[in-house]
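Here's the structure, in structure tokens; my notes come after.
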Amino acid sequence: STKQDLKGKSIIITAGPTMESIDPVRFISNRSSGKMGYAIASQAINRGADVTLISGPTNLTPPQNLKKLVRIESAKDMYDAVIENFDENQVIIKSAAVADYKPKDYSDKKIKKSNDDLSIELDRNKDIAYEIGKIKKDKILVGFAAETNDLIENAKGKVQKKNLDFIVANDLTKEGAGFGVDTNIVKIIDKQGNITEYPKMKKEEVANVILDKITMLLKR
Ligand code: PMT
């Protein structure tokens, strides 16, 4: 029997990759498996929260007892789903790996191979966390940062730019951290610039560290 310290709290969790279509058979995506986000969702449910999981395509079985499961493909779909569920939730955790770019022109016919090289022009996607950061008021907004270099500096920049309460930075250069694996190695950086470092932990344990921090912020 886990402590029910999130009872009555409504949380949006975004998880997994986004998929940006090029034509009916091809897409641009990334290596997110959804494991980090699904681990947060299942631990939050265990602790009594009402969880809306907004998920890109993954092979994972969603946790039981979700309040709502919204399956999406593109970054645009994810943005729409977050906005639609924004009002009725107090906490938003953005563990999804959202594509920053999408193909400028979707081809509704399969693109034919020719002897020439092919270039695909890309357009910027909206930054969901940034858009939410502008309107969040007293809601709690938690981001992730997936970095290969200058982890702390980049993550600190994202906390400020996106108006996050804190960010969970995974160091992608370390084995057992980031995409695909069952563990993660993270540093949590808050608005004030405080940095807390954690050892390698199961994603469920990382999830509970994040939820502990959210519980403290909710008590303020
Ligand atoms: O799914 P797993 O295989 O378990 O892997 C977990 C993970 C590595 C994907 C996860 O821990 C993680 O780091 N997720 C965020 C990855 C990412 O997109 O980082 P970023 O530094 O590009 O983005 C920073 C933050 O802005 C993120 O919270 C992201 O959700 C958000 N963002 C980014 C771009 C965009 N267009 N909209 C956003 O909201």
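By convention here, the chains of the structure tokens are called A, B, ... in the order presented, each chain's residues are numbered starting at 1, and ligands are numbered starting at 1 in the order presented.
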
Environment of ligand 1 within 6 Å, counting only C-alpha atoms and all ligand atoms, reported as a PDB file with C-alpha atoms, in the first residue's frame:
ATOM      1  CA  GLY A  16       7.130   8.546 -26.173  1.00  0.00           C
ATOM      2  CA  SER A  32      12.084   7.395 -27.340  1.00  0.00           C
ATOM      3  CA  SER A  33      10.481   4.136 -26.169  1.00  0.00           C
ATOM      4  CA  GLY A  34       7.998   5.791 -23.819  1.00  0.00           C
ATOM      5  CA  LYS A  35       9.439   3.925 -20.805  1.00  0.00           C
ATOM      6  CA  MET A  36      10.243   7.062 -18.787  1.00  0.00           C
ATOM      7  CA  LYS A  94       6.620  16.621 -20.423  1.00  0.00           C
ATOM      8  CA  SER A  95       8.665  13.439 -20.727  1.00  0.00           C
ATOM      9  CA  ALA A  96       7.873  12.985 -24.425  1.00  0.00           C
ATOM     10  CA  ALA A  97      10.584  13.465 -27.025  1.00  0.00           C
ATOM     11  CA  VAL A  98       8.819  15.875 -29.348  1.00  0.00           C
ATOM     12  CA  ALA A  99      10.100  16.414 -32.888  1.00  0.00           C
ATOM     13  CA  ASP A 100      11.337  19.987 -33.317  1.00  0.00           C
ATOM     14  CA  ASN A 125       7.083  22.522 -34.832  1.00  0.00           C
ATOM     15  CA  LYS A 126       5.608  24.482 -31.968  1.00  0.00           C
ATOM     16  CA  ASP A 127       7.435  23.970 -28.674  1.00  0.00           C
ATOM     17  CA  ILE A 128       4.666  22.603 -26.473  1.00  0.00           C
ATOM     18  CA  ALA A 129       6.438  23.195 -23.163  1.00  0.00           C
ATOM     19  CA  GLY A 143      10.293  19.324 -18.463  1.00  0.00           C
ATOM     20  CA  PHE A 144      12.978  16.894 -19.476  1.00  0.00           C
ATOM     21  CA  ALA A 145      16.215  17.647 -21.259  1.00  0.00           C
ATOM     22  CA  ALA A 146      17.951  15.087 -23.407  1.00  0.00           C
ATOM     23  CA  ASN A 170      19.377  12.942 -18.701  1.00  0.00           C
ATOM     24  CA  GLY A 178      18.075   8.209 -21.629  1.00  0.00           C
ATOM     25  CA  PHE A 179      16.391   6.507 -24.555  1.00  0.00           C
ATOM     26  CA  GLY A 180      15.207   2.898 -24.613  1.00  0.00           C
TER      27      GLY A 180
END

Would you list, as JSON, numbers by chain, the residues of chain A that end up in alpha helix (DSSP H) under DSSP run on this structure's backbone? {"A": [35, 36, 37, 38, 39, 40, 41, 42, 43, 44, 45, 46, 75, 76, 77, 78, 79, 80, 81, 82, 83, 84, 85, 86, 128, 129, 130, 131, 132, 133, 134, 135, 151, 152, 153, 154, 155, 156, 157, 158, 159, 160, 161, 203, 204, 205, 206, 207, 208, 209, 210, 211, 212, 213, 214, 215, 216, 217, 218, 219]}

| So which residues touch Glu20 (chain A) within 12 Å, counting only C-alpha atoms, skipping near sequence neighbours fewer than 6 positions away, as a ChimeraX atom specification? | /A:26-30,56-57,72-78,98-107,122-125

Quiz item: For Glu153 (chain A), which of A:Ala39, A:Ala81, A:Ala169, A:Ile45 is the closest residue, counting only C-alpha atoms?
Solution: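 Looking only at the distances to Glu153 (chain A), the closest residue turns out to be A:Ala169.
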
One decimal place gives the CA of Val25 (chain A)-CA of Arg71 (chain A) separation as 19.1 Å

Check: Nearest to Asp182 (chain A) among A:Asp150, A:Asp165, A:Asp116, A:Glu205, with distances taken over only C-alpha atoms: which residue is it?
Finding: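 Going through A:Asp150, A:Asp165, A:Asp116, A:Glu205 one by one, the smallest distance to Asp182 (chain A) is for A:Glu205.
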
Compare A:Ala177, A:Met201, A:Ile132, A:Leu211 by their minimum atom-to-atom distance to Thr148 (chain A), counting only C-alpha atoms, and give me the closest one.
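Of all the options, A:Ala177 lies closest to Thr148 (chain A).
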